[in-house]
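protein-v7.csv, holding CSV, C-alpha atoms:
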```
chain,number,residue,atom,x,y,z
C,1,MET,CA,310.5,86.4,155.1
C,2,SER,CA,312.2,85.5,152.0
C,3,ASP,CA,309.5,83.0,151.1
C,4,SER,CA,306.8,85.6,151.5
C,5,SER,CA,308.7,88.0,149.4
C,6,ASN,CA,309.1,85.5,146.7
C,7,ASP,CA,305.4,84.7,146.8
C,8,SER,CA,304.5,88.3,146.6
C,9,THR,CA,306.8,88.7,143.7
C,10,THR,CA,305.2,85.8,141.9
C,11,LEU,CA,301.7,87.1,142.5
C,12,GLY,CA,302.7,90.6,141.4
C,13,ALA,CA,304.2,89.2,138.2
C,14,SER,CA,301.2,87.0,137.4
C,15,ASN,CA,298.6,89.8,137.6
C,16,PRO,CA,299.8,91.7,134.5
C,17,VAL,CA,299.6,88.6,132.4
C,18,THR,CA,296.0,87.9,133.5
C,19,GLU,CA,295.0,91.4,132.8
C,20,GLU,CA,296.6,91.4,129.4
C,21,GLN,CA,294.8,88.2,128.4
C,22,ASP,CA,291.5,89.6,129.6
C,23,SER,CA,292.0,92.7,127.6
C,24,GLU,CA,292.9,90.7,124.5
C,25,GLU,CA,289.8,88.5,124.8
C,26,SER,CA,287.5,91.5,125.2
C,27,THR,CA,289.2,93.2,122.1
C,28,MET,CA,288.7,90.1,120.0
C,29,ALA,CA,285.1,89.8,121.1
C,30,GLN,CA,284.5,93.4,120.1
C,31,GLU,CA,286.2,93.2,116.7
C,32,SER,CA,284.8,89.8,115.6
C,33,PRO,CA,281.6,90.2,113.4
C,34,LYS,CA,278.4,88.6,114.4
C,35,ASN,CA,277.6,85.4,112.5
C,36,SER,CA,274.0,84.2,111.9
C,37,ALA,CA,275.3,80.7,112.4
C,38,ALA,CA,276.8,81.6,115.7
C,39,GLU,CA,273.9,83.4,117.2
C,40,ILE,CA,270.1,82.7,117.0
C,41,PRO,CA,268.3,85.9,117.6
C,42,VAL,CA,265.1,85.7,119.5
C,43,THR,CA,262.2,88.2,119.3
C,44,SER,CA,260.3,89.5,122.2
C,45,ASN,CA,257.7,86.8,121.9
C,46,GLY,CA,260.4,84.1,122.2
C,47,GLU,CA,260.3,83.1,118.5
C,48,VAL,CA,263.3,82.8,116.3
C,49,ASP,CA,264.0,85.9,114.2
C,50,ASP,CA,264.8,84.8,110.7
C,51,SER,CA,265.4,88.3,109.3
C,52,HIS,CA,269.1,87.4,109.2
C,53,GLU,CA,268.4,84.3,107.1
C,54,HIS,CA,266.5,86.3,104.5
C,55,GLY,CA,269.3,88.8,104.4
C,56,PHE,CA,271.8,86.0,103.9
C,57,SER,CA,269.6,84.6,101.1
C,58,ARG,CA,269.4,88.0,99.4
C,59,ASP,CA,273.2,88.4,99.5
C,60,LEU,CA,273.7,84.9,98.1
C,61,LYS,CA,271.3,85.7,95.2
C,62,ARG,CA,273.2,88.8,94.3
C,63,SER,CA,276.5,87.0,94.4
C,64,LEU,CA,275.4,84.3,92.0
C,65,PRO,CA,276.3,85.1,88.4
C,66,ALA,CA,273.5,85.2,85.7
C,67,GLY,CA,275.4,82.9,83.5
C,68,LEU,CA,274.7,79.9,85.6
C,69,GLY,CA,271.2,79.7,84.0
C,70,LEU,CA,269.4,80.2,87.3
C,71,SER,CA,266.6,82.7,87.0
C,72,GLU,CA,265.3,82.4,90.5
C,73,THR,CA,267.1,81.0,93.6
C,74,GLN,CA,265.6,80.5,96.9
C,75,ILE,CA,267.3,79.3,100.1
C,76,THR,CA,265.3,78.1,103.0
C,77,SER,CA,267.0,77.5,106.3
C,78,HIS,CA,265.3,76.4,109.5
C,79,GLY,CA,268.1,76.9,111.9
C,80,PHE,CA,270.2,74.4,113.8
C,81,ASP,CA,267.3,72.9,115.7
C,82,SER,CA,265.6,71.8,112.5
C,83,THR,CA,266.2,68.4,110.8
C,84,LYS,CA,265.4,69.9,107.3
C,85,GLU,CA,268.2,71.0,105.0
C,86,GLY,CA,268.3,74.1,102.9
C,87,VAL,CA,266.4,73.8,99.6
C,88,ILE,CA,267.5,75.7,96.4
C,89,GLU,CA,264.7,76.1,93.8
C,90,ALA,CA,265.6,77.2,90.3
C,91,GLY,CA,263.2,78.2,87.4
C,92,PRO,CA,263.8,78.2,83.6
C,93,PHE,CA,266.2,80.7,82.1
C,94,GLN,CA,265.9,82.3,78.6
C,95,GLY,CA,267.8,85.0,77.1
C,96,GLY,CA,269.1,86.4,80.4
C,97,GLN,CA,265.6,87.1,81.6
C,98,ARG,CA,263.7,85.3,84.3
C,99,ILE,CA,260.5,83.7,83.3
C,100,PRO,CA,258.1,83.3,86.2
C,101,GLN,CA,257.1,79.7,86.7
C,102,LYS,CA,253.5,79.2,87.8
C,103,SER,CA,253.0,76.9,90.7
C,104,GLY,CA,250.0,75.1,92.1
C,105,PRO,CA,247.9,72.2,91.0
C,106,VAL,CA,247.5,71.5,87.3
C,107,ILE,CA,243.8,71.7,86.3
C,108,LEU,CA,242.8,69.8,83.2
C,109,ALA,CA,240.0,71.2,81.1
C,110,ASP,CA,237.0,69.1,81.7
C,111,GLU,CA,235.1,68.5,78.5
C,112,THR,CA,231.4,68.9,78.8
C,113,LYS,CA,230.7,65.9,76.5
C,114,ASN,CA,232.9,62.9,75.9
C,115,PRO,CA,231.9,61.2,72.6
C,116,ALA,CA,233.3,57.8,73.8
C,117,MET,CA,231.4,58.0,77.1
C,118,GLU,CA,228.2,59.0,75.2
C,119,LYS,CA,228.5,56.1,72.9
C,120,LEU,CA,229.1,53.7,75.8
C,121,GLU,CA,226.1,55.1,77.6
C,122,LEU,CA,223.9,54.7,74.4
C,123,VAL,CA,225.1,51.1,74.0
C,124,ARG,CA,224.3,50.4,77.6
C,125,LYS,CA,220.8,51.8,77.4
C,126,TRP,CA,220.2,50.0,74.1
C,127,SER,CA,221.4,46.7,75.5
C,128,LEU,CA,219.2,47.1,78.6
C,129,ASN,CA,216.2,48.1,76.5
C,130,THR,CA,216.7,45.2,74.1
C,131,TYR,CA,216.9,42.7,77.0
C,132,LYS,CA,213.7,44.0,78.5
C,133,CYS,CA,211.8,43.9,75.2
C,134,THR,CA,213.1,40.4,74.4
C,135,ARG,CA,212.0,39.1,77.7
C,136,GLN,CA,208.6,40.7,77.2
C,137,ILE,CA,208.2,39.1,73.8
C,138,ILE,CA,209.2,35.7,75.1
C,139,SER,CA,206.8,36.0,78.0
C,140,GLU,CA,203.9,36.9,75.7
C,141,LYS,CA,204.6,34.0,73.4
C,142,LEU,CA,204.9,31.5,76.3
C,143,GLY,CA,201.6,32.9,77.7
C,144,ARG,CA,203.2,34.1,81.0
C,145,GLY,CA,203.3,37.8,80.4
C,146,SER,CA,200.4,40.3,80.0
C,147,ARG,CA,200.1,42.7,77.1
C,148,THR,CA,198.2,45.9,76.6
C,149,VAL,CA,195.4,45.6,74.0
C,150,ASP,CA,193.3,48.3,72.4
C,151,LEU,CA,190.5,46.2,71.0
C,152,GLU,CA,189.1,48.9,68.7
C,153,LEU,CA,192.5,49.8,67.3
C,154,GLU,CA,193.6,46.2,66.9
C,155,ALA,CA,190.5,45.4,65.0
C,156,GLN,CA,191.1,48.3,62.6
C,157,ILE,CA,194.7,47.2,62.1
C,158,ASP,CA,193.6,43.6,61.3
C,159,ILE,CA,191.1,44.9,58.7
C,160,LEU,CA,193.7,47.0,57.1
C,161,ARG,CA,196.1,44.1,56.8
C,162,GLU,CA,193.4,41.9,55.3
C,163,ASN,CA,192.4,44.6,52.9
C,164,LYS,CA,196.0,45.1,51.8
C,165,ARG,CA,196.3,41.4,51.0
C,166,LYS,CA,193.1,41.5,48.9
C,167,TYR,CA,194.1,44.7,47.1
C,168,GLU,CA,197.5,43.1,46.2
C,169,ASN,CA,195.6,40.1,44.8
C,170,ILE,CA,193.4,42.4,42.7
C,171,LEU,CA,196.6,44.2,41.4
C,172,LYS,CA,198.2,40.8,40.5
C,173,LEU,CA,195.1,39.8,38.5
C,174,ALA,CA,194.8,43.2,36.8
C,175,GLN,CA,198.4,43.1,35.8
C,176,THR,CA,197.8,39.6,34.3
C,177,LEU,CA,194.8,41.0,32.4
C,178,SER,CA,196.9,43.9,31.1
C,179,SER,CA,199.6,41.6,30.0
C,180,GLN,CA,197.2,39.3,28.2
C,181,LEU,CA,195.3,42.2,26.6
C,182,PHE,CA,198.6,43.6,25.4
C,183,GLN,CA,199.4,40.2,23.7
C,184,MET,CA,196.0,40.1,22.2
C,185,ILE,CA,196.3,43.6,20.8
C,186,GLN,CA,199.7,42.7,19.2
C,187,THR,CA,198.1,39.6,17.7
C,188,GLN,CA,195.1,41.5,16.4
C,189,ARG,CA,197.4,44.1,14.8
C,190,GLN,CA,199.5,41.5,13.1
C,191,LEU,CA,196.3,39.7,11.9
C,192,GLY,CA,194.9,42.9,10.5
C,193,ASP,CA,198.2,43.5,8.6
C,194,ALA,CA,198.0,40.0,7.2
C,195,PHE,CA,194.4,40.5,6.1
C,196,ALA,CA,195.3,43.8,4.4
C,197,ASP,CA,198.2,42.2,2.5
C,198,LEU,CA,195.9,39.4,1.3
C,199,SER,CA,193.3,42.0,0.3
C,200,LEU,CA,195.8,43.6,-2.1
C,201,LYS,CA,197.0,40.3,-3.5
C,202,SER,CA,193.7,38.4,-3.8
C,203,LEU,CA,191.4,40.3,-6.2
C,204,GLU,CA,188.6,37.8,-5.9
C,205,LEU,CA,188.6,38.1,-2.0
C,206,HIS,CA,189.6,41.7,-1.8
C,207,GLU,CA,186.5,42.9,0.0
C,208,GLU,CA,186.4,40.0,2.5
C,209,PHE,CA,190.0,40.4,3.5
C,210,GLY,CA,189.5,44.1,3.6
C,211,TYR,CA,186.6,43.9,6.1
C,212,ASN,CA,188.5,41.6,8.4
C,213,ALA,CA,191.6,43.8,8.2
C,214,ASP,CA,189.5,46.9,9.2
C,215,THR,CA,187.8,44.9,12.1
C,216,GLN,CA,191.1,43.7,13.6
C,217,LYS,CA,192.7,47.1,13.4
C,218,LEU,CA,189.6,48.7,15.1
C,219,LEU,CA,189.7,46.0,17.8
C,220,ALA,CA,193.4,46.7,18.3
C,221,LYS,CA,192.8,50.4,18.6
C,222,ASN,CA,190.0,49.9,21.1
C,223,GLY,CA,192.1,47.4,22.9
C,224,GLU,CA,194.9,50.1,23.3
C,225,THR,CA,192.3,52.4,24.8
C,226,LEU,CA,191.1,49.8,27.2
C,227,LEU,CA,194.7,48.9,28.0
C,228,GLY,CA,195.4,52.5,28.9
C,229,ALA,CA,192.4,52.5,31.3
C,230,ILE,CA,193.5,49.2,32.9
C,231,ASN,CA,197.1,50.5,33.4
C,232,PHE,CA,195.8,53.7,35.0
C,233,PHE,CA,193.7,51.6,37.3
C,234,ILE,CA,196.7,49.5,38.2
C,235,ALA,CA,199.0,52.5,38.8
C,236,SER,CA,196.4,54.2,41.1
C,237,VAL,CA,195.7,51.1,43.2
C,238,ASN,CA,199.4,50.2,43.4
C,239,THR,CA,200.1,53.7,44.8
C,240,LEU,CA,197.3,53.2,47.3
C,241,VAL,CA,198.7,49.8,48.4
C,242,SER,CA,202.4,50.3,48.2
C,243,LYS,CA,202.7,53.8,49.5
C,244,THR,CA,199.6,55.0,51.4
C,245,ILE,CA,198.7,51.8,53.1
C,246,GLU,CA,202.3,50.8,53.6
C,247,ASP,CA,203.1,54.1,55.3
C,248,THR,CA,200.3,53.5,57.7
C,249,LEU,CA,201.5,50.0,58.4
C,250,MET,CA,205.0,51.3,59.1
C,251,THR,CA,203.4,53.5,61.8
C,252,VAL,CA,201.6,50.4,63.0
C,253,LYS,CA,204.9,48.6,63.3
C,254,GLN,CA,206.3,51.5,65.4
C,255,TYR,CA,203.2,51.3,67.5
C,256,GLU,CA,203.7,47.6,68.2
C,257,SER,CA,207.4,48.2,69.1
C,258,VAL,CA,206.5,51.0,71.5
C,259,ARG,CA,203.7,48.9,73.0
C,260,ILE,CA,206.3,46.1,73.7
C,261,GLU,CA,208.6,48.6,75.4
C,262,TYR,CA,205.7,50.0,77.4
C,263,ASP,CA,204.6,46.6,78.6
C,264,ALA,CA,208.2,45.6,79.4
C,265,TYR,CA,208.7,48.6,81.7
C,266,ARG,CA,205.2,48.2,83.1
C,267,THR,CA,206.1,44.6,84.1
C,268,ASP,CA,209.3,45.8,85.8
C,269,LEU,CA,207.4,48.3,87.8
C,270,GLU,CA,204.8,45.8,88.9
C,271,GLU,CA,207.5,43.3,90.0
C,272,LEU,CA,209.3,46.0,92.0
C,273,ASN,CA,206.1,47.1,93.7
C,274,LEU,CA,205.3,43.5,94.7
C,275,GLY,CA,208.8,43.2,96.4
C,276,PRO,CA,210.0,44.7,99.7
C,277,ARG,CA,210.4,48.4,100.1
C,278,ASP,CA,213.6,49.4,101.8
C,279,ALA,CA,216.5,51.9,101.3
C,280,ASN,CA,217.9,49.8,98.4
C,281,THR,CA,214.7,49.2,96.5
C,282,LEU,CA,213.0,52.6,96.9
C,283,PRO,CA,215.5,54.4,94.4
C,284,LYS,CA,215.0,51.5,92.0
C,285,ILE,CA,211.2,51.8,92.2
C,286,GLU,CA,211.4,55.6,91.7
C,287,GLN,CA,213.6,55.2,88.7
C,288,SER,CA,211.3,52.5,87.3
C,289,GLN,CA,208.3,54.7,87.8
C,290,HIS,CA,210.0,57.5,85.9
C,291,LEU,CA,210.9,55.2,83.0
C,292,PHE,CA,207.4,53.7,82.9
C,293,GLN,CA,205.8,57.2,82.8
C,294,ALA,CA,208.1,58.2,79.9
C,295,HIS,CA,207.2,55.1,77.9
C,296,LYS,CA,203.5,55.5,78.7
C,297,GLU,CA,203.5,59.0,77.2
C,298,LYS,CA,205.3,57.6,74.1
C,299,TYR,CA,202.8,54.8,73.8
C,300,ASP,CA,199.8,57.1,74.1
C,301,LYS,CA,201.3,59.5,71.4
C,302,ILE,CA,202.0,56.7,68.9
C,303,ARG,CA,198.6,55.1,69.5
C,304,ASN,CA,196.9,58.5,68.8
C,305,ASP,CA,199.0,58.8,65.6
C,306,VAL,CA,197.9,55.4,64.4
C,307,SER,CA,194.3,56.2,65.0
C,308,ILE,CA,194.5,59.4,63.0
C,309,LYS,CA,196.3,57.8,60.1
C,310,LEU,CA,193.8,55.0,60.0
C,311,LYS,CA,191.0,57.5,59.8
C,312,PHE,CA,192.6,59.5,57.0
C,313,LEU,CA,193.6,56.3,55.1
C,314,GLU,CA,190.0,55.1,55.2
C,315,GLU,CA,188.7,58.3,53.7
C,316,ASN,CA,191.4,58.4,51.0
C,317,LYS,CA,190.9,54.7,50.2
C,318,VAL,CA,187.2,55.2,49.6
C,319,LYS,CA,187.7,58.2,47.3
C,320,VAL,CA,190.5,56.5,45.3
C,321,LEU,CA,188.8,53.2,44.9
C,322,HIS,CA,185.5,54.7,44.0
C,323,ASN,CA,187.0,56.6,41.0
C,324,GLN,CA,189.1,53.7,39.9
C,325,LEU,CA,186.3,51.1,40.0
C,326,VAL,CA,184.0,53.4,38.0
C,327,LEU,CA,186.7,53.8,35.4
C,328,PHE,CA,187.4,50.1,35.2
C,329,HIS,CA,183.7,49.2,34.9
C,330,ASN,CA,182.9,51.8,32.2
C,331,ALA,CA,186.0,51.0,30.1
C,332,ILE,CA,185.4,47.2,30.1
C,333,THR,CA,181.7,47.7,29.3
C,334,ALA,CA,182.3,50.1,26.4
C,335,TYR,CA,185.0,47.9,25.0
C,336,PHE,CA,183.1,44.7,24.9
C,337,ALA,CA,179.9,46.5,23.7
C,338,GLY,CA,181.9,47.9,20.8
C,339,ASN,CA,181.0,51.5,21.8
C,340,GLN,CA,184.2,53.3,20.8
C,341,LYS,CA,182.8,56.8,21.6
C,342,GLN,CA,181.8,55.8,25.2
C,343,LEU,CA,185.2,54.2,25.7
C,344,GLU,CA,187.1,57.3,24.6
C,345,GLN,CA,184.7,59.5,26.6
C,346,THR,CA,185.5,57.4,29.7
C,347,LEU,CA,189.2,58.0,29.4
C,348,ARG,CA,188.7,61.7,28.8
C,349,GLN,CA,186.6,61.9,31.9
C,350,PHE,CA,189.5,60.6,34.0
C,351,HIS,CA,192.1,62.7,32.1
C,352,ILE,CA,193.9,59.7,30.7
C,353,LYS,CA,196.2,60.4,27.7
C,354,LEU,CA,196.5,57.6,25.2
C,355,LYS,CA,199.5,56.9,23.1
C,356,THR,CA,199.1,57.9,19.5
C,357,PRO,CA,198.8,54.8,17.2
C,358,GLY,CA,201.9,54.2,15.3
C,359,VAL,CA,204.1,56.3,17.6
C,360,ASP,CA,206.7,54.3,19.6
C,361,ALA,CA,207.2,55.1,23.3
C,362,PRO,CA,210.0,57.5,24.1
C,363,SER,CA,213.4,56.0,24.9
C,364,TRP,CA,214.7,56.1,28.4
C,365,LEU,CA,217.2,58.8,27.3
C,366,GLU,CA,214.3,61.1,26.1
C,367,GLU,CA,212.4,60.5,29.3
C,368,GLN,CA,215.4,61.6,31.3
```
How does this structure look as structure tokens?
Amino acid sequence: MSDSSNDSTTLGASNPVTEEQDSEESTMAQESPKNSAAEIPVTSNGEVDDSHEHGFSRDLKRSLPAGLGLSETQITSHGFDSTKEGVIEAGPFQGGQRIPQKSGPVILADETKNPAMEKLELVRKWSLNTYKCTRQIISEKLGRGSRTVDLELEAQIDILRENKRKYENILKLAQTLSSQLFQMIQTQRQLGDAFADLSLKSLELHEEFGYNADTQKLLAKNGETLLGAINFFIASVNTLVSKTIEDTLMTVKQYESVRIEYDAYRTDLEELNLGPRDANTLPKIEQSQHLFQAHKEKYDKIRNDVSIKLKFLEENKVKVLHNQLVLFHNAITAYFAGNQKQLEQTLRQFHIKLKTPGVDAPSWLEEQ
């Protein structure tokens, strides 16, 4: 009996303690605040609710002083089950105000035209074109390549070049005649002065020296008139040869250069057409056809320009040479016939102004 009473006393004493502990644990559980780190709230869909995380981040932003130089602070947390750590991002700070920092990819302004790339492309095209033209020239000289020939146009060009050489020879001879005539005029003038001096000093031969002095002076005067006609003839023919014909020949040189380019690209197209046609060669053939067509149009245009210039040159040449040959013939005939009036009339007909005898030519400063 005593043992049972002792046991009951022990059990009765232990119950108040247990109840007191339980009441203390429940009170602590009610008074302790909920921590976001201790609990992971879950939404109705079973996803983690991060509203507490954003609230915590907002409280932390408010608690940070502005003097730290942080204009923007962001804390990202992914919970305990994530392997990523929290990231704090800070932007620039100026004058206590936050400056928004733009994010995203940096796009560089794309220039429409790059001068360096344009020059490189021009050099590449020039090198390729030079190579093709050089190969075409070598092939033509070796007799392996074909060339485009316009028989009628080529014949006219050959005649023009031959005429130019002949006109240059006429100019050279006319300049020689002018130089020799000038020397003769100077000699006749000096001889006339010598006869006139002797006419004054030799009374017994006064008339004879006087006649010869007058004759030499008249010949010198007529020689100056003839010299003016010859120099006018030289200037007109020189303009025809060195400017009009030379300008046409420059166009002919351009025509020959364009013809070589045309034949070079024509040869390339023919070689590609003879080869196989597959996925690799078809784009090349199409590009070669395009280049060939462009050079063909250029060749046709320059050939038409040369034909027109040759036609106008022939008309101008006939008109100019007709007038100049008539002038040269009439002046030479009148001079050696001693017909001073006809010689002067010839010069007036062609509107040639002669230098007044005894008046020196204007200096280069006066001409300026």
When you look at Arg144 of chain C with a cut-off of 12 Å (counting all atoms listed in the file), what residues show up, excluding the ones that are within fewer than 6 positions of it in the same chain? I need them as a list in words.
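The neighbour list is Arg135, Gln136, Ile137, Ile138 and Thr267 of chain C.
Of the listed residues (C:Ile185, C:Ala213, C:Leu272, C:Val149), C:Ala213 comes nearest to Leu200 of chain C; the distances count only C-alpha atoms.
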Could you list, as a list in words, every residue within 12 Å of Leu218 of chain C, counting only C-alpha atoms and ignoring same-chain residues fewer than 2 positions away?
Ile185, Gln188, Arg189, Leu191, Gly192, Asp193, Tyr211, Asn212, Ala213, Asp214, Thr215, Gln216, Ala220, Lys221, Asn222, Gly223, Glu224, Thr225, Tyr335, Gly338, Asn339, Gln340 and Pro357 of chain C
Find the residues around Gln156 of chain C up to 12 Å (all atoms listed in the file counted), leave out those fewer than 3 positions away in its own chain, and share them as a VMD selection string.
chain C and resid 150 to 153 159 to 163 248 to 249 252 306 to 311 313 to 314
Determine the nearest neighbour of Asn323 of chain C from the options C:Tyr299, C:Tyr262, C:Asn280, C:Ala229, counting all atoms listed in the file.
C:Ala229
When distances are computed from all atoms listed in the file, which of C:Ala196, C:Leu347, C:Glu207, C:Cys133 shows the smallest separation from Ala334 of chain C?
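So, comparing all the options, the nearest one is C:Leu347.
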Could you check how far atom CA of Leu269 of chain C sits from atom CA of Tyr131 of chain C, in Å to one decimal?
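Computing the Euclidean distance for atom CA of Leu269 of chain C and atom CA of Tyr131 of chain C yields 15.4 Å.
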